[in-house]
$ cat entry-v5.txt   # compact mmCIF, C-alpha atoms
# COMPACT_ATOMS: atom_id res chain seq x y z
CA MET L 1 143.38 159.39 85.32
CA THR L 2 143.68 157.45 82.09
CA VAL L 3 147.21 156.33 82.99
CA ALA L 4 146.13 155.34 86.48
CA ALA L 5 143.20 153.36 85.11
CA ALA L 6 145.49 151.56 82.67
CA LEU L 7 147.93 150.67 85.44
CA LEU L 8 145.10 149.43 87.62
CA PHE L 9 143.85 147.27 84.77
CA MET L 10 147.35 145.85 84.21
CA GLY L 11 147.71 145.21 87.91
CA GLY L 12 144.44 143.27 87.87
CA ALA L 13 145.63 141.32 84.84
CA ALA L 14 148.85 140.43 86.61
CA THR L 15 146.84 139.10 89.56
CA ALA L 16 144.69 136.99 87.28
CA GLN L 17 147.74 135.40 85.71
CA THR L 18 149.28 134.10 88.92
CA GLU L 19 147.92 132.04 91.76
CA SER L 20 151.06 132.11 93.87
CA TRP L 21 150.80 135.81 94.80
CA HIS L 22 148.84 136.85 97.90
CA SER L 23 147.47 140.25 98.77
CA TYR L 24 148.71 141.52 102.13
CA SER L 25 148.77 144.40 104.57
CA TYR L 26 151.75 145.89 106.35
CA VAL L 27 152.82 148.42 108.93
CA GLU L 28 156.07 150.34 108.52
CA ALA L 29 158.22 152.72 110.55
CA GLN L 30 160.66 155.02 108.73
CA GLY L 31 163.36 157.47 109.71
CA GLY L 32 165.60 159.78 107.75
CA VAL L 33 166.19 163.40 106.79
CA GLN L 34 164.22 166.15 105.06
CA LEU L 35 165.11 169.34 103.21
CA THR L 36 162.78 172.29 102.58
CA SER L 37 163.81 174.34 99.54
CA THR L 38 164.85 177.95 100.08
CA ASN L 39 167.66 180.34 99.10
CA ALA L 40 170.13 179.05 101.70
CA PRO L 41 172.96 176.46 101.74
CA MET L 42 171.56 172.94 101.54
CA ASP L 43 173.76 171.57 104.33
CA LYS L 44 172.27 174.15 106.70
CA LEU L 45 168.70 173.01 106.03
CA ILE L 46 168.80 169.24 106.64
CA THR L 47 166.71 168.11 109.62
CA PRO L 48 165.50 164.73 110.91
CA THR L 49 162.16 163.27 109.94
CA ALA L 50 160.18 160.13 110.76
CA ALA L 51 157.10 158.39 109.42
CA LEU L 52 154.59 155.68 110.25
CA SER L 53 152.38 154.06 107.65
CA PHE L 54 149.79 151.34 107.22
CA GLY L 55 149.32 149.90 103.73
CA HIS L 56 147.77 147.16 101.70
CA TYR L 57 148.58 145.58 98.31
CA PHE L 58 145.45 144.59 96.43
CA THR L 59 147.28 143.08 93.44
CA PRO L 60 150.93 142.39 92.61
CA VAL L 61 151.05 145.90 91.10
CA VAL L 62 148.60 148.13 92.95
CA GLY L 63 148.61 149.10 96.61
CA ALA L 64 147.64 152.01 98.85
CA ARG L 65 148.73 153.34 102.22
CA LEU L 66 147.97 155.88 104.93
CA HIS L 67 151.28 157.62 105.58
CA VAL L 68 152.05 160.07 108.39
CA ASN L 69 155.33 161.97 108.16
CA ALA L 70 156.45 164.44 110.88
CA TRP L 71 159.22 166.17 112.85
CA GLN L 72 161.10 169.32 111.87
CA SER L 73 161.63 171.66 108.94
CA LYS L 74 164.23 174.37 108.63
CA SER L 75 164.75 177.56 106.64
CA GLY L 76 166.86 180.69 106.95
CA PHE L 77 168.61 183.69 105.46
CA LYS L 78 171.90 183.07 103.74
CA ASP L 79 173.06 186.74 103.91
CA LEU L 80 172.43 186.89 107.67
CA ASP L 81 173.60 183.35 108.35
CA GLN L 82 170.54 182.90 110.56
CA TYR L 83 168.25 179.88 110.49
CA TYR L 84 165.05 178.81 112.18
CA LYS L 85 163.12 175.56 112.69
CA TRP L 86 159.50 174.62 113.17
CA LYS L 87 157.53 171.40 113.52
CA TYR L 88 155.14 169.77 111.08
CA ILE L 89 153.03 166.67 110.50
CA THR L 90 151.86 165.44 107.10
CA PRO L 91 149.17 162.74 106.80
CA ASP L 92 148.81 161.47 103.21
CA VAL L 93 146.92 158.81 101.29
CA ASP L 94 149.27 157.35 98.68
CA LEU L 95 148.72 155.11 95.68
CA MET L 96 151.60 152.64 95.11
CA LEU L 97 152.47 150.97 91.80
CA ASN L 98 154.99 148.12 91.84
CA LEU L 99 156.95 148.76 88.62
CA SER L 100 158.97 145.56 88.96
CA ASN L 101 155.83 143.39 88.99
CA LEU L 102 154.25 145.52 86.28
CA PHE L 103 157.03 145.02 83.75
CA CYS L 104 158.60 141.72 84.86
CA GLY L 105 156.93 138.32 85.06
CA ASN L 106 158.73 136.84 88.05
CA GLN L 107 157.32 138.23 91.30
CA ASP L 108 159.68 136.43 93.68
CA ARG L 109 162.65 138.81 93.46
CA ALA L 110 165.06 140.33 95.96
CA LEU L 111 164.14 143.98 95.28
CA ASN L 112 161.06 145.81 93.98
CA LEU L 113 160.90 149.34 92.59
CA ILE L 114 157.68 151.15 93.55
CA LEU L 115 156.29 154.41 92.21
CA LEU L 116 154.04 156.30 94.60
CA GLY L 117 151.94 159.42 94.54
CA GLY L 118 149.42 160.86 96.95
CA VAL L 119 147.53 163.79 98.44
CA GLY L 120 147.09 164.98 101.99
CA LEU L 121 147.45 167.84 104.44
CA ASN L 122 150.38 169.54 106.08
CA TYR L 123 149.97 170.94 109.56
CA ALA L 124 152.82 173.15 110.90
CA TRP L 125 153.36 174.80 114.31
CA ASP L 126 155.93 176.19 116.73
CA ASN L 127 157.38 178.92 114.51
CA ASP L 128 158.84 180.80 117.46
CA GLU L 129 162.47 180.61 116.32
CA LEU L 130 161.67 182.86 113.36
CA LYS L 131 160.13 185.49 115.61
CA ASP L 132 163.28 185.52 117.77
CA LEU L 133 165.58 186.29 114.85
CA ALA L 134 166.82 189.83 114.27
CA VAL L 135 165.17 190.08 110.87
CA ALA L 136 163.48 193.14 109.47
CA PRO L 137 159.70 192.58 109.37
CA GLN L 138 159.54 193.67 105.74
CA ARG L 139 161.61 190.63 104.79
CA ILE L 140 159.01 188.26 106.20
CA PRO L 141 155.72 190.12 105.77
CA LEU L 142 153.69 186.86 105.59
CA ALA L 143 155.45 184.92 108.32
CA TRP L 144 152.88 182.88 110.17
CA GLU L 145 152.61 182.89 113.94
CA ASP L 146 149.68 180.61 114.59
CA ASN L 147 149.55 177.01 113.48
CA ARG L 148 149.29 176.62 109.70
CA LEU L 149 147.31 174.08 107.66
CA SER L 150 147.98 173.59 103.95
CA HIS L 151 147.69 171.01 101.17
CA ASN L 152 150.35 168.41 100.39
CA LEU L 153 150.93 166.75 97.02
CA ARG L 154 153.45 163.93 96.90
CA ALA L 155 155.43 161.89 94.35
CA GLY L 156 158.23 159.48 95.10
CA LEU L 157 160.06 156.20 94.58
CA ARG L 158 160.85 153.40 96.99
CA LEU L 159 163.09 150.36 96.79
CA GLU L 160 161.70 147.48 98.81
CA THR L 161 163.02 144.00 99.64
CA ASN L 162 161.28 140.73 98.76
CA GLN L 163 157.57 141.17 99.39
CA SER L 164 156.99 137.49 100.14
CA LYS L 165 158.95 137.77 103.40
CA PRO L 166 157.27 138.86 106.66
CA LEU L 167 159.91 141.52 107.37
CA GLY L 168 160.98 144.06 104.79
CA LEU L 169 163.47 146.91 104.41
CA SER L 170 162.92 149.95 102.23
CA LEU L 171 164.62 153.08 100.95
CA GLU L 172 162.19 155.85 99.99
CA VAL L 173 162.64 159.33 98.51
CA ASN L 174 159.74 161.78 98.20
CA ALA L 175 159.05 165.26 96.88
CA ASN L 176 156.20 167.12 98.61
CA SER L 177 154.55 170.24 97.25
CA ILE L 178 153.25 172.48 100.10
CA ASP L 179 151.67 175.94 100.42
CA ASP L 180 153.95 178.89 99.56
CA ARG L 181 154.01 180.19 103.16
CA PHE L 182 155.22 176.89 104.66
CA ASN L 183 158.73 178.32 105.19
CA SER L 184 157.40 181.85 106.02
CA LYS L 185 158.69 183.15 102.69
CA VAL L 186 156.65 183.97 99.63
CA ASN L 187 157.87 183.45 96.06
CA ASP L 188 154.52 182.95 94.30
CA ALA L 189 155.11 179.19 94.00
CA ASP L 190 154.59 176.17 96.23
CA ASP L 191 157.36 175.28 98.62
CA TRP L 192 159.08 171.93 98.12
CA GLN L 193 159.99 169.51 100.84
CA PHE L 194 162.22 166.53 100.00
CA THR L 195 162.57 163.47 102.24
CA ALA L 196 164.84 160.41 102.20
CA MET L 197 164.02 157.62 104.66
CA LEU L 198 164.96 154.06 105.53
CA GLY L 199 162.10 151.87 106.67
CA LEU L 200 161.37 148.58 108.44
CA SER L 201 158.04 146.91 107.69
CA TYR L 202 156.09 143.95 108.96
CA ARG L 203 153.69 142.19 106.55
CA PHE L 204 150.64 140.37 107.80
CA ALA L 205 147.03 139.39 107.06
CA TYR L 206 147.71 137.54 103.83
CA LYS L 207 144.63 136.96 101.75
CA GLY L 208 143.77 135.64 98.34
CA LYS L 209 143.79 132.33 96.61
CA LYS L 210 146.60 130.02 97.61
CA HIS L 211 148.40 127.96 95.08
CA VAL L 212 147.07 124.42 94.77
CA PRO L 213 149.54 122.02 93.19
CA VAL L 214 148.32 120.40 89.99
CA THR L 215 149.83 117.28 88.46
CA ARG L 216 149.63 116.41 84.80
CA GLN L 217 151.23 114.16 82.23
CA VAL L 218 153.54 115.72 79.67
CA GLU L 219 155.61 114.26 76.88
CA GLU L 220 159.35 114.44 77.44
CA THR L 221 162.08 114.08 74.85
CA TYR L 222 165.31 112.37 75.85
CA TRP L 223 168.34 110.95 74.08
CA VAL L 224 170.03 107.55 74.41
CA ASP L 225 173.15 105.99 72.91
CA GLU L 226 172.27 103.05 70.66
CA PRO L 227 174.32 100.97 68.19
CA VAL L 228 173.54 101.89 64.60
CA LYS L 229 174.82 100.22 61.42
CA ARG L 230 176.00 102.44 58.63
CA THR L 231 177.91 102.17 55.39
CA VAL L 232 181.16 104.08 55.21
CA THR L 233 183.81 104.49 52.53
CA LYS L 234 187.32 103.44 53.47
CA LYS L 235 190.67 103.34 51.70
CA GLU L 236 191.78 99.72 51.07
CA PRO L 237 195.42 99.05 50.11
CA TYR L 238 196.43 96.78 47.23
CA THR L 239 199.72 96.05 45.46
CA VAL L 240 200.45 96.39 41.77
CA GLU L 241 203.53 95.79 39.65
CA LYS L 242 204.68 98.66 37.50
CA PRO L 243 207.44 98.64 34.90
CA VAL L 244 210.56 100.66 35.61
CA LYS L 245 213.28 101.57 33.15
CA LEU L 246 216.88 102.69 33.30
CA HIS L 247 218.70 104.50 30.49
CA LYS L 248 222.33 105.59 30.76
CA GLU L 249 225.03 106.77 28.36
CA VAL L 250 228.87 106.56 28.76
CA PHE L 251 231.10 108.55 26.37
CA TYR L 252 234.77 107.72 25.43
CA ASP L 253 237.81 109.46 23.98
CA ILE L 254 238.94 108.62 20.47
CA ARG L 255 240.25 105.03 20.02
CA VAL L 256 239.65 104.33 23.73
CA SER L 257 237.39 101.74 25.32
CA ASP L 258 238.53 101.75 28.94
CA ASN L 259 240.34 104.97 29.96
CA VAL L 260 237.16 106.89 30.93
CA ASP L 261 235.95 105.97 34.42
CA PRO L 262 232.28 104.88 34.13
CA SER L 263 232.10 103.67 37.75
CA VAL L 264 229.32 106.08 38.80
CA ILE L 265 226.99 104.85 36.07
CA GLN L 266 228.04 101.26 36.72
CA ARG L 267 226.98 101.59 40.37
CA GLU L 268 223.62 102.99 39.30
CA VAL L 269 223.11 100.07 36.89
CA ALA L 270 224.22 97.57 39.54
CA ASP L 271 221.82 99.04 42.14
CA PHE L 272 218.99 98.85 39.63
CA MET L 273 219.75 95.16 38.93
CA LYS L 274 219.87 94.33 42.63
CA LYS L 275 216.48 95.91 43.17
CA ASN L 276 215.13 94.12 40.12
CA PRO L 277 216.95 90.75 40.06
CA GLU L 278 214.80 89.38 37.20
CA SER L 279 215.46 92.34 34.92
CA LYS L 280 217.75 92.33 31.88
CA VAL L 281 220.28 95.00 31.02
CA TYR L 282 221.24 95.71 27.40
CA ILE L 283 224.64 97.23 26.66
CA VAL L 284 225.32 98.44 23.14
CA GLY L 285 228.71 99.79 22.04
CA TYR L 286 229.17 102.47 19.34
CA ALA L 287 232.02 104.16 17.45
CA ASP L 288 232.10 107.44 15.56
CA LYS L 289 232.10 107.29 11.81
CA GLY L 290 234.25 110.37 11.44
CA THR L 291 237.51 108.66 12.47
CA GLY L 292 239.19 105.33 11.76
CA ASN L 293 237.63 102.70 9.54
CA ALA L 294 234.78 100.26 9.84
CA ARG L 295 236.96 97.36 11.06
CA LEU L 296 238.66 99.34 13.81
CA ASN L 297 235.45 101.07 14.81
CA LYS L 298 233.72 97.68 15.17
CA MET L 299 236.54 96.49 17.42
CA TYR L 300 236.42 99.61 19.66
CA ALA L 301 232.63 99.40 19.95
CA GLU L 302 232.79 95.71 20.98
CA ARG L 303 235.53 96.36 23.56
CA ARG L 304 233.56 99.21 25.09
CA ALA L 305 230.49 97.00 25.56
CA GLU L 306 232.50 94.01 26.83
CA THR L 307 234.54 96.14 29.27
CA PHE L 308 231.40 97.73 30.72
CA LYS L 309 229.84 94.27 31.22
CA LYS L 310 233.02 92.89 32.77
CA ASP L 311 233.11 95.68 35.35
CA LEU L 312 229.44 95.14 36.20
CA VAL L 313 230.02 91.44 36.83
CA GLU L 314 233.42 91.53 38.52
CA LYS L 315 233.27 94.79 40.44
CA HIS L 316 229.57 95.04 41.28
CA GLY L 317 228.41 91.43 41.40
CA VAL L 318 225.78 91.61 38.65
CA ASN L 319 224.62 88.25 37.29
CA ALA L 320 226.34 87.86 33.91
CA ASP L 321 223.35 85.95 32.49
CA ASN L 322 221.22 89.07 32.88
CA VAL L 323 223.64 91.27 30.92
CA ILE L 324 223.27 91.25 27.13
CA ILE L 325 225.82 93.10 25.01
CA ASP L 326 225.83 94.18 21.39
CA SER L 327 228.00 96.29 19.13
CA LYS L 328 226.99 98.52 16.24
CA GLY L 329 230.46 99.78 15.32
CA ASP L 330 230.03 102.88 13.22
CA THR L 331 227.04 101.50 11.32
CA VAL L 332 224.65 103.30 13.66
CA GLN L 333 225.23 106.84 14.84
CA PRO L 334 222.90 107.52 17.83
CA PHE L 335 224.01 111.16 17.89
CA PRO L 336 224.03 112.24 14.23
CA ASP L 337 224.55 115.90 15.11
CA ASN L 338 227.61 115.36 17.26
CA ASN L 339 230.23 112.94 15.85
CA ASP L 340 232.31 112.70 19.05
CA LYS L 341 229.35 111.61 21.21
CA ASN L 342 229.01 108.47 19.02
CA ARG L 343 232.02 107.00 20.82
CA CYS L 344 229.81 105.62 23.55
CA VAL L 345 228.04 102.81 25.32
CA ILE L 346 224.26 103.05 25.80
CA ILE L 347 222.74 101.04 28.62
CA ASP L 348 219.04 100.21 28.87
CA ALA L 349 217.44 98.10 31.55
CA GLU L 350 213.88 97.13 32.26
CA GLY L 351 212.36 95.84 35.48
CA LYS L 352 209.26 95.77 37.60
CA VAL L 353 208.54 97.35 40.95
CA THR L 354 205.74 96.48 43.38
CA VAL L 355 203.91 99.55 44.74
CA THR L 356 201.04 99.96 47.19
CA GLU L 357 197.99 101.88 46.04
CA TYR L 358 194.59 102.54 47.60
CA LYS L 359 191.05 102.20 46.39
CA ASP L 360 187.70 103.28 47.88
CA VAL L 361 185.58 100.43 49.22
CA GLU L 362 182.26 100.56 51.04
CA VAL L 363 182.07 98.65 54.33
CA GLU L 364 179.37 98.30 56.95
CA GLU L 365 180.25 99.19 60.55
CA THR L 366 178.45 99.59 63.85
CA VAL L 367 178.73 102.90 65.74
CA MET L 368 177.09 104.40 68.83
CA GLN L 369 174.72 107.21 67.95
CA LYS L 370 172.41 109.55 69.88
CA VAL L 371 168.80 108.51 69.23
CA GLU L 372 165.79 110.61 70.19
CA ARG L 373 163.13 108.96 72.35
CA LYS L 374 159.91 110.21 73.95
CA ARG L 375 158.16 109.27 77.16
CA MET L 376 155.35 110.52 79.37
CA VAL L 377 156.32 112.00 82.75
CA THR L 378 154.30 113.48 85.61
CA VAL L 379 154.95 117.12 86.54
CA THR L 380 153.55 119.14 89.43
CA GLU L 381 152.79 122.84 89.04
$ encode --input "entry-v5.txt" --output "structure tokens"
Amino acid sequence: MTVAAALLFMGGAATAQTESWHSYSYVEAQGGVQLTSTNAPMDKLITPTAALSFGHYFTPVVGARLHVNAWQSKSGFKDLDQYYKWKYITPDVDLMLNLSNLFCGNQDRALNLILLGGVGLNYAWDNDELKDLAVAPQRIPLAWEDNRLSHNLRAGLRLETNQSKPLGLSLEVNANSIDDRFNSKVNDADDWQFTAMLGLSYRFAYKGKKHVPVTRQVEETYWVDEPVKRTVTKKEPYTVEKPVKLHKEVFYDIRVSDNVDPSVIQREVADFMKKNPESKVYIVGYADKGTGNARLNKMYAERRAETFKKDLVEKHGVNADNVIIDSKGDTVQPFPDNNDKNRCVIIDAEGKVTVTEYKDVEVEETVMQKVERKRMVTVTE
């Protein structure tokens, strides 16, 4: 009772929260099959059944109906492979609880799940087939011959199509608890009758408060593209001159100033001068102190420097005015730890190269940006 009262209260609350729902009545015809439990194969016990009901939904959750179910029941003896049928009619008053509306907010849905339970009477008659069976009387000591009236307790579920439409389809399964002697057998417990039926209903006599549209002003947020100025950091190129240097060394055999081919280094020096036409190249000749004498060493050192310059000018087209030569003879030993390496020419050149670098600068630019706006709009509910 407490659970039922709570569900009724929730059903009333659901009604109060919506104006679009309308209470209604309906009439429904159903047809299907029934099975009465007994110790016999299930496929031998299925018989047709039909029902007619008149119902009314008071709220989106709570409804009630007068339901009359009737036709045939069947039982039998598995060991004898003999079965018998009789007729019955079951009027019930059922309470219906729409579980879909109870637990979900939206009431305009394709299908609704409904829990039902009820009480009523079961009236059975025409048990003649049992009396015609060749069954020992002691096996059916309480078989009834006259019409039989007993209680009926019911619980079930039904799946029903959209309740806002005039016509509806349903699938319903029920379990009915009936007096122990309903199937002429006694096992000290109520007999159970199970039904499964398809139904067609017609809904009419809508009542209740109809929805009245209401208009009101509400604030709406929307977004627009607008030009916006902003400061951004960009990379700006600029040029700068940087010094570049070239240092090369050419080594000679003893008392030789021109029999070692220095062409590779000469090409490198010439390429450097072409890339840096304003640069100067300094060529200094040396001789080793460990051989010869100062006069001869001075001569070899001068020839080495002059020969290297001559090749740069004549073979590689270097401007002679940009080539400066000098000779140290054996007075300077650039490689004091290795006497033979002092028979050499050392070339040094300096120039400048222009390179592009980048710096961060702040600039102002205009871009399109989403901007929030608000406005009042009229809505109808």
$ closest_residue --input "entry-v5.txt" --among "L:Glu278, L:Glu381, L:Asp330, L:Asp190" --to "Gly292 of chain L" --atoms "all atoms listed in the file"
L:Asp330
$ atom_distance --input "entry-v5.txt" --atom1 "atom CA of Lys229 of chain L" --atom2 "atom CA of Met368 of chain L"
8.8 Å
$ residues_around --input "entry-v5.txt" --residues "segment 219-221 of chain L" --least-positions-apart "2" --cutoff "6 Å" --atoms "only C-alpha atoms" --output "list in words"
Arg373, Lys374, Arg375 and Met376 of chain L
$ closest_residue --input "entry-v5.txt" --among "L:Thr36, L:Thr307, L:Ser53, L:Gln82" --to "Leu66 of chain L" --atoms "only C-alpha atoms"
L:Ser53
$ residues_around --input "entry-v5.txt" --residues "Val269 of chain L" --least-positions-apart "3" --cutoff "10 Å" --atoms "all atoms listed in the file" --output "list in words"
Leu246, His247, Lys248, Ser263, Val264, Ile265, Gln266, Phe272, Met273, Lys274, Val281, Leu312, His316, Val318, Ile347, Asp348 and Ala349 of chain L
$ closest_atom_pairs --input "entry-v5.txt" --of "segment 143-188 of chain L" --to "segment 70-80 of chain L" --cutoff "12 Å" --atoms "all atoms listed in the file" --output "Markdown table"
| residue | atom | partner | partner_atom | distance |
| --- | --- | --- | --- | --- |
| L:Ala143 | CA | L:Ser75 | CA | 12.0 |
| L:Arg181 | CA | L:Ser75 | CA | 11.6 |
| L:Phe182 | CA | L:Ser73 | CA | 9.3 |
| L:Asn183 | CA | L:Ser75 | CA | 6.2 |
| L:Ser184 | CA | L:Ser75 | CA | 8.5 |
| L:Lys185 | CA | L:Ser75 | CA | 9.1 |
$ residues_around --input "entry-v5.txt" --residues "Gln30 of chain L" --least-positions-apart "2" --cutoff "9 Å" --atoms "only C-alpha atoms" --output "MDAnalysis selection string"
chainID L and resid 28 32 49:53 69 170:172 197:201
$ atom_distance --input "entry-v5.txt" --atom1 "atom CA of Lys315 of chain L" --atom2 "atom CA of Val353 of chain L"
24.9 Å
$ decode --input "entry-v5.txt" --residues "segment 41-66 of chain L" --atoms "N, CA and C atoms" --output "short mmCIF file (atom, residue, chain, number, x, y, z; two decimals), in the first residue's frame"
data_model
loop_
_atom_site.label_atom_id
_atom_site.label_comp_id
_atom_site.auth_asym_id
_atom_site.auth_seq_id
_atom_site.Cartn_x
_atom_site.Cartn_y
_atom_site.Cartn_z
N PRO L 41 3.54 -31.44 -20.89
CA PRO L 41 4.33 -30.65 -21.84
C PRO L 41 3.66 -29.32 -22.15
N MET L 42 4.43 -28.27 -22.17
CA MET L 42 3.89 -26.93 -22.37
C MET L 42 3.19 -26.79 -23.72
N ASP L 43 3.78 -27.40 -24.78
CA ASP L 43 3.19 -27.22 -26.10
C ASP L 43 1.83 -27.91 -26.24
N LYS L 44 1.51 -28.81 -25.28
CA LYS L 44 0.22 -29.47 -25.31
C LYS L 44 -0.86 -28.65 -24.61
N LEU L 45 -0.46 -27.60 -23.89
CA LEU L 45 -1.40 -26.89 -23.02
C LEU L 45 -1.79 -25.51 -23.54
N ILE L 46 -1.24 -25.07 -24.66
CA ILE L 46 -1.52 -23.72 -25.15
C ILE L 46 -2.89 -23.69 -25.82
N THR L 47 -3.71 -22.74 -25.42
CA THR L 47 -5.06 -22.57 -25.99
C THR L 47 -5.30 -21.10 -26.28
N PRO L 48 -6.29 -20.79 -27.12
CA PRO L 48 -6.56 -19.39 -27.45
C PRO L 48 -7.27 -18.68 -26.29
N THR L 49 -7.10 -17.36 -26.28
CA THR L 49 -7.78 -16.54 -25.29
C THR L 49 -8.07 -15.18 -25.90
N ALA L 50 -9.03 -14.47 -25.35
CA ALA L 50 -9.42 -13.15 -25.84
C ALA L 50 -9.82 -12.29 -24.66
N ALA L 51 -9.82 -10.99 -24.86
CA ALA L 51 -10.16 -10.08 -23.76
C ALA L 51 -10.76 -8.81 -24.32
N LEU L 52 -11.56 -8.17 -23.49
CA LEU L 52 -12.16 -6.87 -23.78
C LEU L 52 -12.01 -6.03 -22.52
N SER L 53 -11.59 -4.79 -22.69
CA SER L 53 -11.39 -3.95 -21.50
C SER L 53 -11.82 -2.53 -21.78
N PHE L 54 -12.17 -1.84 -20.69
CA PHE L 54 -12.47 -0.41 -20.73
C PHE L 54 -11.62 0.23 -19.64
N GLY L 55 -10.83 1.26 -20.01
CA GLY L 55 -9.93 1.85 -19.03
C GLY L 55 -9.90 3.36 -19.09
N HIS L 56 -9.23 3.92 -18.10
CA HIS L 56 -9.11 5.38 -18.04
C HIS L 56 -7.79 5.73 -17.36
N TYR L 57 -7.05 6.71 -17.94
CA TYR L 57 -5.84 7.23 -17.32
C TYR L 57 -6.17 8.56 -16.64
N PHE L 58 -5.95 8.59 -15.34
CA PHE L 58 -6.25 9.79 -14.56
C PHE L 58 -5.10 10.78 -14.59
N THR L 59 -3.88 10.28 -14.67
CA THR L 59 -2.66 11.10 -14.73
C THR L 59 -1.75 10.45 -15.76
N PRO L 60 -0.62 11.09 -16.08
CA PRO L 60 0.30 10.46 -17.02
C PRO L 60 0.85 9.12 -16.52
N VAL L 61 0.73 8.85 -15.21
CA VAL L 61 1.29 7.63 -14.64
C VAL L 61 0.21 6.63 -14.25
N VAL L 62 -0.88 7.09 -13.70
CA VAL L 62 -1.85 6.20 -13.05
C VAL L 62 -3.11 6.04 -13.90
N GLY L 63 -3.51 4.79 -14.08
CA GLY L 63 -4.76 4.49 -14.76
C GLY L 63 -5.40 3.25 -14.16
N ALA L 64 -6.63 2.96 -14.57
CA ALA L 64 -7.33 1.76 -14.10
C ALA L 64 -8.20 1.24 -15.24
N ARG L 65 -8.54 -0.05 -15.14
CA ARG L 65 -9.38 -0.62 -16.20
C ARG L 65 -10.23 -1.75 -15.64
N LEU L 66 -11.34 -2.00 -16.32
CA LEU L 66 -12.15 -3.20 -16.12
C LEU L 66 -11.81 -4.13 -17.27
#
